[in-house]
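Written out below as C-alpha cells is the structure these notes cover.
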Amino acid sequence: MPRSPEDALKATLARVAPGTQLRDGLERILRGRTGALIVLGFDRTIDSICSGGFDIGIDFSPTRLRELAKMDGAIVCDRDASNILRAAVQLVPDSTIPTQESGTRHRTAERVAIQTGVPVISVSQSMQIIALYVNGLRHVLEGSEPVLARANQALATLERYRARLDQVTNSLSALEIEAMVTVRDVAITLQRQEMVRRISEEISQYVLELGVDGRLLSLQVEELTTGLGPGSEMVLRDYMDPGSNGASPEERVATLQGFSSTDLIDLGTIASVLGFNPSTDSLDAVVQPKGYRLLSGIKAVPPAVATRLVDHFDGLQNMMAANIEDLMAVDGIGEQRARTVREGLSRIAETSLLDRFM
Ligand SMILES: Nc1ncnc2c1ncn2[C@@H]1O[C@H](COP(=O)(O)OP(=O)(O)OP(=O)(O)O)[C@@H](O)[C@H]1O
C-alpha cells in the first residue's frame, strides 16, 4: 500500500532527527551561514531532472556535507543519507508544478519533492531555517527546546485523557455486565479512545522529531499508553449494526479517525459510525454488546475462538450465563478452555463491578 504523505514525512523526520549524522551536517551548514539543497534519494526520475554537477559516491559525513554545501547547486544523497552521490547539481523540475514558495532554492525543493516523491531538504541562507519537503508537505525543523515544550504539554493532556478513558471504559464494562449500556455510553467510550489515540500520535511525531533528545519522552508515553486495551475496533464490533451501510469494522474505525475535532465533540455523529441515525434514534436507547471487547481481555481466547463464542451465544448476557457444559458446546472449546473462559468472564464481572462501586 503506498504511504500517505504524512507517513512519508514522519519517516523523513526520523532521518533528520537530533543525534543523526544528517542532522549534524545540516546544523553545521546553518552555523556556517551557507544554504543547501539536499535530495534524499536517487532514482531514474531524479536522474532525469539533474543537470551538470559531478558524481562523487562517497560515504556520508557531516563535514563532507558542510563542505559540499559551499558550492552552488544541489547535493544528492541516497535514501538513508549514508552516501553522497552527486554535488553541484542543477535541478530542473517541471516548472508548471504550482509552488507557494518564493526564492529559487525553496521553489525547486518543493517542486522536486512533488514531482519525484523523494524528500528534499532546503537550508535557507537568508532565513536561517531548515525545511523538509515531502510530497506536498513542508515542515520546518526546530531546535529541541520548543518541540519538547509542546511535547510536555501534550503529555500532560494525554495523562488527563488516559485517566478519563480508564473511567469510561470501566464504567462501560460494569454497564455491560448489568445489561444497562446506552448508545451514549458507547459513543463516549469511542470518543475518549479516539482522543487518546490522537494525542498519542501527536506525541509520537514529537518523539521522532526529537531523536536522541526524545528518549525520556518516549518512556513517558510508553508508560501512559500501556494496558490501553484493544481500541475502538472491539467496541465497534460489539455494538455496530452490521446492516448499516455494510461497512466493515476497519472501515468504521477509519471513519472515526477521519472525523474533525468538531465532529468528535458530537456524540450523535460518533454514534453514526455504529449505524445510529442522529435524527431518528435516541442516544439513551439501551443496546446489548456481542462480547468481543470483554473476551479480548482474556488472554487464553484467540480472536477466532472469540468469534465462535459470540456467534454461538448471540450476546454477552447469554455468554455470561453459560456454564462449563454450555461453553463446551462451542466448536473448538474443550473442557480446559471452557474453564478458562468461565473464570475469565467471572473475573471481569467481579472487577468491573468492584471498580464501579468502590
Ligand atoms: N534549481 C536549482 N538547482 C540547484 N540549486 C539551486 C536551484 N535553485 C537554487 N539553487 C541553489 O540555491 C542558491 C540560492 O538561490 P536563491 O538565492 O535564488 O534562493 P533562495 O530561495 O532565496 O535561498 P535562501 O533562502 O537560501 O536565500 C543558489 O545559489 C543555488 O546554489
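Each chain in the C-alpha cells gets a letter, A, B and so on, in the order shown; residues start at 1 in every chain, and ligands are counted from 1 in the order they appear.
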
Q: For A:Val310, please output as a PyMOL selection string all residues within 8 Å (counting only C-alpha atoms; exclusion window: fewer than 4 positions along the same chain).
A: chain A and resi 290-292+306+314-316+319

Q: Within 6 Å of ligand 1, which residues show up when you count only C-alpha atoms and all ligand atoms? List them as a list in words, please.
A: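 My answer, listing the contacting residues, is Gly35, Asp72, Gly73, Ala74, Val89, Gln90, Leu91, Val92, Gly103, Thr104, Arg105, His106, Thr108, Ser124, Gln125, Ser126 and Met127 of chain A.
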
What's around A:Leu26 at 9 Å? Count only C-alpha atoms, leave out sequence neighbours fewer than 5 positions away in its own chain, and write the answer as a PDB file with C-alpha atoms, in the first residue's frame.
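Contents of around-v1.pdb, as written:
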ATOM      1  CA  VAL A  16      16.943  14.149  10.237  1.00  0.00           C
ATOM      2  CA  GLN A  21      24.764  12.353  11.109  1.00  0.00           C
ATOM      3  CA  ARG A  31      26.023  27.620  11.729  1.00  0.00           C
ATOM      4  CA  ALA A  36      21.886  23.989   0.905  1.00  0.00           C
ATOM      5  CA  PRO A  62      28.565  15.844   8.382  1.00  0.00           C
ATOM      6  CA  LEU A  65      28.079  17.694   3.560  1.00  0.00           C
ATOM      7  CA  ARG A  66      29.066  21.045   5.011  1.00  0.00           C
ATOM      8  CA  VAL A 123      18.666  25.110   4.314  1.00  0.00           C
ATOM      9  CA  ILE A 130      15.935  24.029   7.705  1.00  0.00           C
TER      10      ILE A 130
END

Q) Just asking: which residues within stretch 78-194 of chain A are strand (DSSP E or B) according to DSSP, as a list of chain:residue names? A)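 Residues meeting the strand (DSSP E or B) criterion: A:Asn83, A:Ile84, A:Leu85, A:Arg86, A:Ala87, A:Ala88, A:Val89, A:Gln90, A:Leu91, A:Val120, A:Ile121, A:Ser122, A:Val123, A:Ile130, A:Ala131, A:Leu132, A:Tyr133, A:Val134, A:Leu137, A:Arg138, A:His139, A:Val140, A:Leu141, A:Thr182.
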
Mind dumping the selected residues with C-alpha atoms as a PDB file, in the first residue's frame?
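What landed in again.pdb:
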ATOM      1  CA  ASN A  83      26.293   8.100   0.801  1.00  0.00           C
ATOM      2  CA  ILE A  84      26.691  11.393  -1.001  1.00  0.00           C
ATOM      3  CA  LEU A  85      26.176  10.608  -4.679  1.00  0.00           C
ATOM      4  CA  ARG A  86      26.359  13.927  -6.554  1.00  0.00           C
ATOM      5  CA  ALA A  87      27.150  17.556  -5.839  1.00  0.00           C
ATOM      6  CA  ALA A  88      26.811  20.960  -7.525  1.00  0.00           C
ATOM      7  CA  VAL A  89      23.818  19.643  -9.453  1.00  0.00           C
ATOM      8  CA  GLN A  90      21.353  21.958 -11.157  1.00  0.00           C
ATOM      9  CA  LEU A  91      17.848  20.578 -10.557  1.00  0.00           C
ATOM     10  CA  VAL A 120      14.122  17.291  -0.283  1.00  0.00           C
ATOM     11  CA  ILE A 121      15.757  19.445   2.396  1.00  0.00           C
ATOM     12  CA  SER A 122      16.446  23.123   1.982  1.00  0.00           C
ATOM     13  CA  VAL A 123      18.666  25.110   4.314  1.00  0.00           C
ATOM     14  CA  ILE A 130      15.935  24.029   7.705  1.00  0.00           C
ATOM     15  CA  ALA A 131      12.791  22.929   5.869  1.00  0.00           C
ATOM     16  CA  LEU A 132      11.717  19.457   4.741  1.00  0.00           C
ATOM     17  CA  TYR A 133       9.614  18.999   1.629  1.00  0.00           C
ATOM     18  CA  VAL A 134       7.882  15.645   1.398  1.00  0.00           C
ATOM     19  CA  LEU A 137       4.052  18.812   2.715  1.00  0.00           C
ATOM     20  CA  ARG A 138       6.507  21.325   4.158  1.00  0.00           C
ATOM     21  CA  HIS A 139       7.893  21.051   7.668  1.00  0.00           C
ATOM     22  CA  VAL A 140      10.313  23.495   9.267  1.00  0.00           C
ATOM     23  CA  LEU A 141      12.738  21.833  11.686  1.00  0.00           C
ATOM     24  CA  THR A 182     -26.932   3.035  26.243  1.00  0.00           C
TER      25      THR A 182
END

Q: Determine, counting only C-alpha atoms, which protein, DNA and RNA residues have an atom within 9 Å of an atom of stretch 42-44 of chain A; residues of the same chain fewer than 6 positions away are not included. Present the result as a PyMOL selection string.
A: chain A and resi 76-79+85+116+118

Give me a file of those residues, with N, CA and C atoms, as a PDB file, in the first residue's frame.
ATOM      1  N   VAL A  76      22.948  15.432  -3.937  1.00  0.00           N
ATOM      2  CA  VAL A  76      22.047  14.269  -3.967  1.00  0.00           C
ATOM      3  C   VAL A  76      22.658  13.160  -3.112  1.00  0.00           C
ATOM      4  N   CYS A  77      21.888  12.702  -2.132  1.00  0.00           N
ATOM      5  CA  CYS A  77      22.344  11.594  -1.274  1.00  0.00           C
ATOM      6  C   CYS A  77      21.471  10.376  -1.558  1.00  0.00           C
ATOM      7  N   ASP A  78      21.842   9.214  -1.033  1.00  0.00           N
ATOM      8  CA  ASP A  78      20.928   8.083  -1.165  1.00  0.00           C
ATOM      9  C   ASP A  78      19.839   8.205  -0.089  1.00  0.00           C
ATOM     10  N   ARG A  79      18.902   7.265  -0.124  1.00  0.00           N
ATOM     11  CA  ARG A  79      17.670   7.379   0.671  1.00  0.00           C
ATOM     12  C   ARG A  79      17.934   7.589   2.162  1.00  0.00           C
ATOM     13  N   LEU A  85      26.005  11.129  -3.316  1.00  0.00           N
ATOM     14  CA  LEU A  85      26.176  10.608  -4.679  1.00  0.00           C
ATOM     15  C   LEU A  85      26.618  11.672  -5.678  1.00  0.00           C
ATOM     16  N   THR A 116       8.860  14.016  -7.753  1.00  0.00           N
ATOM     17  CA  THR A 116       9.565  12.728  -7.654  1.00  0.00           C
ATOM     18  C   THR A 116       9.117  11.866  -6.474  1.00  0.00           C
ATOM     19  N   VAL A 118      10.441  12.063  -3.709  1.00  0.00           N
ATOM     20  CA  VAL A 118      11.652  11.908  -2.886  1.00  0.00           C
ATOM     21  C   VAL A 118      11.746  13.130  -1.958  1.00  0.00           C
TER      22      VAL A 118
END

Taking only residues of stretch 268-319 of chain A that have an atom at most 10 Å from an atom of stretch 190-211 of chain A, what is each one's shortest atom pair and its distance in Å to one decimal, using only C-alpha atoms, in chain and number order, as CSV?
residue,atom,partner,partner_atom,distance
A:Ile270,CA,A:Gln191,CA,7.0
A:Ala271,CA,A:Leu190,CA,8.5
A:Val273,CA,A:Leu190,CA,9.8

Q: Might you pull out every residue within 12 Å of stretch 238-244 of chain A, with only C-alpha atoms counted and same-chain residues fewer than 5 positions away left off, and present them as an MDAnalysis selection string?
A: chainID A and resid 172:173 176 181:187 189:190 231:233 249:253 270:277 286:296 306:307 310:311 314:316

Q.
Which of stretch 17-141 of chain A end up as helix (DSSP H, G or I) when DSSP is run on this backbone - answer as a count of residues only?
A. 36

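The closest residue to A:Thr269, picked from A:His312, A:Thr351, A:Gln115, A:Ile188 and counting only C-alpha atoms, is A:Ile188.
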
Q | Residue nearest A:Ala179 - candidates A:Ala149, A:Ala285, A:Ala322, A:Ile58, atoms counted: only C-alpha atoms | A |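 Going through A:Ala149, A:Ala285, A:Ala322, A:Ile58 one by one, the smallest distance to A:Ala179 is for A:Ala285.
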
Q | Distance query A:Asn135 at most 7 Å, only C-alpha atoms, self and fewer than 6 positions along chain excluded, as a VMD selection string | A | chain A and resid 5 113 to 114 117

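Among the candidates A:Ile348, A:Ala69, A:Leu327, A:Ile298, the residue lying nearest to A:Arg28 is A:Ala69 (atoms considered: only C-alpha atoms).
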
Q | Nearest candidate to A:Gly32 (options A:Cys50, A:Ile75, A:Gln336, A:Lys70; using only C-alpha atoms) | A |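 Under the stated criterion, the closest residue is A:Lys70.
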